[in-house]
Every structure is written in structure tokens, then in C-alpha cells.
Amino acid sequence: MAVTPSSGRARTRALETVALGPGGTPARPAPDGATGAGPYQGYVYAYPHKTAYRPLEPRPSLREVWSGEPLESLFLYLHIPFCEMRCGFCNLFTRTGAPEELVAAYLDALARQAEAVRDALDGPRFVTAAIGGGTPTYLSAAELTRMFDLTERITGADLRAVPLSVETSPATATADRLAVLAERGTTRISIGVQSFVDAEARAAIRPQKRQEVETALGHIREAGFEVLNIDLIYGIDGQTERSWRLSLDAALAWKPEEIYLYPLYVRPLTGLGRRARDWDDHRLGLYRQGRDHLLAAGYEQVSMRMFRLPGSSGATGYDCQSDGMVGLGCGARSYTSDLHYSYEYAVGAGQVRAIIDDYVRLAPGEFALANVGFRLDEDERRRRHLIQSLLQAEGLDPAAYRERFGTEVTADFGEDLERLAGRGWLAATGSAAGTRPGRDGADESHDGAGGGRLRLGAEGLAHSDAIGPALFSGRVRELMAGYENS
């Protein structure tokens with residue numbers, strides 16, 4: 001369990017749920033360089049995944065971890081690990097039905113952790129922030145107020161002065177909670193609708209009614225947040241092109257500034273797992289339908305999942321490639337230039353509850369240490385830069401890569417890039433000479449329309465969940481496999 005010496009930091013097992021979705025299923029890396037094992041290998045929302053983290057021995061102090069790190073452009077992330085229910089697709093670190101006493105104890109622990117971070121970092125400047133979960137709006141309006149108060153008082157962050165994103169759900173997006181979020185400076189609300197079709201919501205083990213969803217969206221729009229994001233899922237049992245179009249149009253009726261389209265994930269050996277090829281084809285078809293429908297409605301594609309109305313994104317001053325992240329909460333991770341760290345990771349309900357129970361009992365001194373993590377050497381830093389850049393529609397800037405690492409990305413990852421080009425997934429390479437690999441991997445001249453960037457084409461983006469895991473290092477693959485088999 002990870003957080004106290006007395007617990008022995010026992011290895012816990014992941015992947016206990018049957019259906020995995022927007023919370024971020026651990027990617028199951030394909031063999032080295034392989035991209036032909038199916039389009040849905042795993043959602044790479046961060047590299048490396050927490051299943052590659054291991055107990056740090058000895059545990060370094062946060063002051064040591066952050067010594068010498070740039071602190072002028074940090075991301076502040078708060079994790080609230082509570083939900084009113086566990087959806088069938090969920091793979092988040094969260095527990096349901098937390099009593100009021102546990103929420104209070106959790107906020108007490110959050111304050112102790114924030115104090116330890118404050119004491120370890122010398123004058124941090126937070127330029128963007130997010131509150132995720134779980135479902136942060138599981139907290140009552142009074143509890144949300146307390147969370148904001150302690151965070152700002154202890155960390156010194158002015159959350160009204162920076163872009164702030166908060167996640168919510170149809171059941172908890174109530175007017176009183178949203179009023180607190182609006183008053184405290186929230187600029188973006190993300191709501192997990194998943195489907196506007198009641199039968200599909202039930203199939204995803206999310207028993208919500210469309211009227212409840214519409215009421216919640218009305219409350220959000222009335223509160224006046226700058227950005228509304230709606231999450232939708234494709235691949236739900238019984239979903240058809242017609243019902244998927246219904247959900248897309250229902251979402252578009254609210255003119256959200258952002259829409260995320262997530263594929264449903266399930267474990268192997270389930271009914272869907274046994275007919276994986278047909279299901280892959282079905283999901284790809286629904287993805288292409290959703291992508292084309294949103295593009296026709298005037299949205300721009302930012303990644304495989306994210307679609308945004310042009311002009312609706314606010315500049316944050318944060319660069320995920322080079323700037324650090326400070327995570328508060330038992331499921332939050334923190335990033336420095338060479339160490340990613342957090343507490344233990346789990347998905348099974350009993351294991352998550354035990355980790356939360358440990359967290360709320362931690363003495364102040366325990367929060368001054370990093371417990372579980374992954375140290376990034378130069379190769380892993382380059383690989384992280386490649387993956388995080390390539391899976392975005394704007395692609396990778398070779399000049400920025402060269403400036404940061406002193407090498408050419410084509411020299412460091414030439415074989416991987418040639419493989420992607422050979423499958424027709426790499427739309428353009430922007431080398432200084434203005435060349436791009438053809439389908440056979442050889443360079444072809446082009447007119448500079450690629451903007452000097454390495455970009456995935458439309459089908460490359462469609463296969464992001466295969467491309468990302470295929471680019472994992474052998475070290476990360478081995479650690480992830482060892483975690484799942486322990």
C-alpha cells in the first residue's frame with residue numbers, strides 16, 4: 001500500500017474492473033515496435049503509466065526532489081477520490097459512498113500534504129490548476145469551499161487568477177456546488193455524460209436519465225463558465241451509428257467549447273474481448289463518424305479524443321513537456337524533470353479504500369517524502385517528449401526537440417517513425433530540409449505545408465491508442481508487466 005513504512009508498501013493489483021474508459025486504462029504495450037496488434041491497446045494520458053512506478057528506496061525528501069527545479073510555471077492538481085457511484089467503464093482511483101467523516105478527514109490530510117509541499121518548494125508559481133477525481137463535486141458546497149480555502153491559504157495559489165478546470169457528473173452538478181466553483185474562479189467544467197441514450201447509460205452501468213443530464217448542463221451554462229467540456233463514449237453495448245449520432249447531436253445542442261470522444265475499453269476474455277476484431281472495427285467506425293461529424297460542425301481536432309471550438313482555448317503559460325506538476329491528494333502524481341512520483345496505484349475497491357484510509361492517517365512528516373515513483377533518464381525524457389507530442393494533432397516540432405535534447409528526433413527514433421510512415425500514419429515530417437518519409441519510410445520532398453512538424457495523419461490519430469503503447473521503452477514494458485502479474 002505505499003504510504004507508510006509500517007504498511008510495507010505491499011504490491012496491489014490493478015485492472016480489477018471489467019470495463020475501462022475515460023479515467024485512463026493502463027496501456028498494455030505491444031511488442032517492440034509493433035503497431036499491428038489492434039487499434040485499442042491503451043489510452044496513453046501520461047508517460048510512463050503509474051503501473052511502472054515502484055517504491056522509492058530510500059524515500060527522498062520533497063525538498064531534495066524539487067531542489068534546482070524551475071518553479072515559475074507549475075501545474076497544481078488536486079485529487080478528490082470520491083464518487084456517488086462506480087460506473088461500469090471506470091478505471092479511476094476512487095471509492096463510492098464516502099461518509100461525511102471520511103471527507104472531512106481527507107481534507108485534513110490534504111491540508112497536511114499542502115503544508116509539506118509548501119515547506120519543500122521555495123516560492124512556487126502556479127500558472128494553471130485542475131481538480132479531478134473521482135468526482136470533485138461529490139463534495140458538498142461547504143466542503144468545496146473548505147477545499148478551496150485550505151488550498152489557497154497554504155499553497156499561496158490564487159486560483160481565481162489562473163485557468164482552473166474541475167470535473168463533475170450529472171448527479172452532482174447542482175446549482176449550489178456550481179456557484180461555489182464559479183465564485184472561486186473555475187474557468188472550465190468537464191462533465192462525464194458518456195451517452196444521452198438511457199439504455200446505453202444503463203449498459204455502461206451508469207443509471208442516469210437524459211433529463212438529469214440536461215438539467216445538469218443547464219445549471220452549468222447558467223453558472224457562466226468559460227469552457228464546457230462534454231465527455232462521450234463510443235463502443236457501448238447496443239450502441240449503433242444512429243444512437244451515436246443522437247448523443248453527438250444532443251451534446252452539440254449545448255454548443256460546448258470542447259467535446260471528448262472516448263472509446264470503451266474492456267478486459268480480454270469478456271464477451272466483447274472474445275470478438276475483439278469485430279468490436280475494434282465497430283469502434284473505429286463510430287470514432288470516424290464522430291470525428292467527421294464534429295469537424296463538419298466547426299470543431300478542430302486536438303488529439304484522438306479532444307475536439308475544440310476554434311478560439312475557445314485559453315493560454316495557460318504551462319508547457320507539459322518541460323514544466324513541473326504538483327499533485328495534492330492520495331491519487332495525485334507530481335512531476336519534476338527526472339522524477340514522477342505519487343502514492344500507490346490501485347483500481348480494486350478494497351485496495352483503493354485501504355490506500356485512502358492510510359492517507360488520512362498520515363503524520364505530517366510522512367508528507368515530506370516521495371513514496372512511489374519512476375526516475376526518468378535521458379532516453380525516457382526523450383521518449384516522453386516524442387509520445388506526448390506525436391499524439392497531439394499539432395505534432396512534434398523537430399527544432400524544439402533539437403534545442404531541448406541536442407539531437408535529432410529522426411536519429412533517436414528513426415526506426416519507429418519509419419514504421420509509422422510505412423503504415424501511412426505519419427502525415428508529414430518537418431525536417432529542416434523539408435522532407436517527409438513516404439509509405440516505404442524513404443524521404444519525399446514536400447512543400448512545407450506540414451509547418452516543419454512531425455504529424456500523425458487522420459488515420460494515425462485514429463490509431464493513437466496503438467501508436468502510444470508501441471513507443472514505450474522496454475524498461476517501462478517490463479515494469480508494467482511485472483506490476484500486473486504481481
# chains A, B, ... in the order shown; residues from 1 in each chain; ligands from 1
$ closest_atom_pairs --of "region 40-84 of chain A" --to "region 452-464 of chain A" --cutoff "10 Å" --atoms "only C-alpha atoms" --output "JSON lines"
{"residue": "A:Tyr40", "atom": "CA", "partner": "A:His463", "partner_atom": "CA", "distance": 7.4}
{"residue": "A:Gln41", "atom": "CA", "partner": "A:Ser464", "partner_atom": "CA", "distance": 9.0}
{"residue": "A:Gly42", "atom": "CA", "partner": "A:Ser464", "partner_atom": "CA", "distance": 8.8}
{"residue": "A:Tyr43", "atom": "CA", "partner": "A:Ser464", "partner_atom": "CA", "distance": 8.1}
{"residue": "A:Val44", "atom": "CA", "partner": "A:Ser464", "partner_atom": "CA", "distance": 8.4}
$ write_last_selection --atoms "C-alpha atoms" --output "mmCIF file, in the first residue's frame"
data_model
loop_
_atom_site.group_PDB
_atom_site.id
_atom_site.type_symbol
_atom_site.label_atom_id
_atom_site.label_comp_id
_atom_site.auth_asym_id
_atom_site.auth_seq_id
_atom_site.Cartn_x
_atom_site.Cartn_y
_atom_site.Cartn_z
ATOM 1 C CA TYR A 40 -7.116 -0.124 -28.952
ATOM 2 C CA GLN A 41 -4.104 -1.081 -26.868
ATOM 3 C CA GLY A 42 -4.473 1.619 -24.221
ATOM 4 C CA TYR A 43 -5.035 5.290 -23.537
ATOM 5 C CA VAL A 44 -1.658 6.996 -23.051
#
$ residues_around --residues "region 233-244 of chain A" --least-positions-apart "5" --cutoff "9 Å" --atoms "only C-alpha atoms" --output "ChimeraX atom specification"
/A:21-22,193-197,199-201,203-204,249,260-265,272,279-280,282-287,289-290
$ atom_distance --atom1 "CA of Leu178 (chain A)" --atom2 "CA of Phe148 (chain A)"
13.2 Å
$ atom_distance --atom1 "CA of Glu403 (chain A)" --atom2 "CA of Met306 (chain A)"
28.1 Å
$ atom_distance --atom1 "CA of Pro364 (chain A)" --atom2 "CA of Ala116 (chain A)"
7.1 Å
$ residues_around --residues "Pro256 (chain A)" --least-positions-apart "6" --cutoff "9 Å" --atoms "only C-alpha atoms" --output "list in words"
Val227, Leu228, Asn229, Ile230, Arg308 and Leu309 of chain A
$ write_last_selection --atoms "N, CA and C atoms" --output "JSON list (two decimals), in the first residue's frame"
[["chain", "number", "residue", "atom", "x", "y", "z"],
["A", 227, "VAL", "N", -15.61, 27.62, -20.35],
["A", 227, "VAL", "CA", -15.48, 26.41, -21.18],
["A", 227, "VAL", "C", -16.29, 25.28, -20.57],
["A", 228, "LEU", "N", -17.14, 24.70, -21.38],
["A", 228, "LEU", "CA", -17.85, 23.47, -21.04],
["A", 228, "LEU", "C", -17.29, 22.35, -21.88],
["A", 229, "ASN", "N", -16.87, 21.27, -21.23],
["A", 229, "ASN", "CA", -16.44, 20.06, -21.94],
["A", 229, "ASN", "C", -17.44, 18.95, -21.64],
["A", 230, "ILE", "N", -17.84, 18.23, -22.67],
["A", 230, "ILE", "CA", -18.72, 17.08, -22.53],
["A", 230, "ILE", "C", -17.97, 15.83, -22.98],
["A", 308, "ARG", "N", -12.32, 20.78, -30.22],
["A", 308, "ARG", "CA", -12.45, 22.10, -29.59],
["A", 308, "ARG", "C", -12.95, 23.12, -30.61],
["A", 309, "LEU", "N", -13.81, 24.02, -30.14],
["A", 309, "LEU", "CA", -14.22, 25.12, -31.00],
["A", 309, "LEU", "C", -13.05, 26.08, -31.17]]
$ residues_around --residues "region 76-85 of chain A" --least-positions-apart "3" --cutoff "8 Å" --atoms "only C-alpha atoms" --output "list in words"
Phe93, Thr94, Arg95, Thr96, Gly97, Ala98, Phe126, Thr128, Ala129, Ala130, Ile131, Gly132, Gly133, Gly134, Thr135, Pro136, Tyr138, Met325, Val326, Gly327, Leu328, Gly329, Cys330, Gly331 and Ala332 of chain A
$ select_by_dssp --residues "region 79-281 of chain A" --states "helix (DSSP H, G or I)" --output "PyMOL selection string"
chain A and resi 100-120+136-138+141-155+159-161+175-183+198-203+210-223+241-252+271-274+276-281
$ residues_around --residues "Ser140 (chain A)" --least-positions-apart "5" --cutoff "10 Å" --atoms "only C-alpha atoms" --output "number ranges by chain"
A: 100, 103, 145-146, 172, 174, 176-177, 180
$ write_last_selection --atoms "N, CA and C atoms" --output "compact mmCIF listing (two decimals), in the first residue's frame"
# COMPACT_ATOMS: atom_id res chain seq x y z
N GLU A 100 -19.46 11.54 5.45
CA GLU A 100 -19.03 12.91 5.71
C GLU A 100 -17.76 12.95 6.56
N VAL A 103 -14.71 12.36 4.36
CA VAL A 103 -14.40 13.54 3.54
C VAL A 103 -13.69 14.59 4.39
N THR A 145 -15.97 24.68 -0.52
CA THR A 145 -15.45 25.95 0.00
C THR A 145 -14.25 25.72 0.90
N ARG A 146 -14.33 24.73 1.77
CA ARG A 146 -13.21 24.43 2.65
C ARG A 146 -11.99 23.98 1.85
N THR A 172 -24.12 15.35 -9.63
CA THR A 172 -23.56 16.27 -8.62
C THR A 172 -23.37 17.69 -9.13
N THR A 174 -24.94 20.35 -9.17
CA THR A 174 -26.07 21.08 -8.61
C THR A 174 -25.75 22.58 -8.58
N ASP A 176 -25.93 24.82 -6.24
CA ASP A 176 -25.14 25.35 -5.11
C ASP A 176 -23.67 25.00 -5.23
N ARG A 177 -23.35 23.80 -5.70
CA ARG A 177 -21.95 23.43 -5.88
C ARG A 177 -21.33 24.26 -7.00
N VAL A 180 -20.30 27.73 -6.04
CA VAL A 180 -19.00 27.80 -5.35
C VAL A 180 -17.87 27.76 -6.38
$ closest_residue --among "A:Tyr343, A:Tyr483, A:Tyr47, A:Phe405" --to "Glu378 (chain A)" --atoms "only C-alpha atoms"
A:Phe405
$ select_by_dssp --residues "region 174-258 of chain A" --states "strand (DSSP E or B)" --output "JSON, numbers by chain"
{"A": [188, 189, 190, 191, 192, 193, 194, 227, 228, 229, 230, 231, 232, 233, 234, 258]}
$ residues_around --residues "Arg402 (chain A)" --least-positions-apart "2" --cutoff "12 Å" --atoms "only C-alpha atoms" --output "list in words"
Arg382, His385, Leu386, Leu396, Asp397, Pro398, Ala399, Ala400, Arg404, Phe405, Gly406, Thr407, Glu408, Val409, Thr410, Ala411, Asp412, Ser431 and Ala432 of chain A
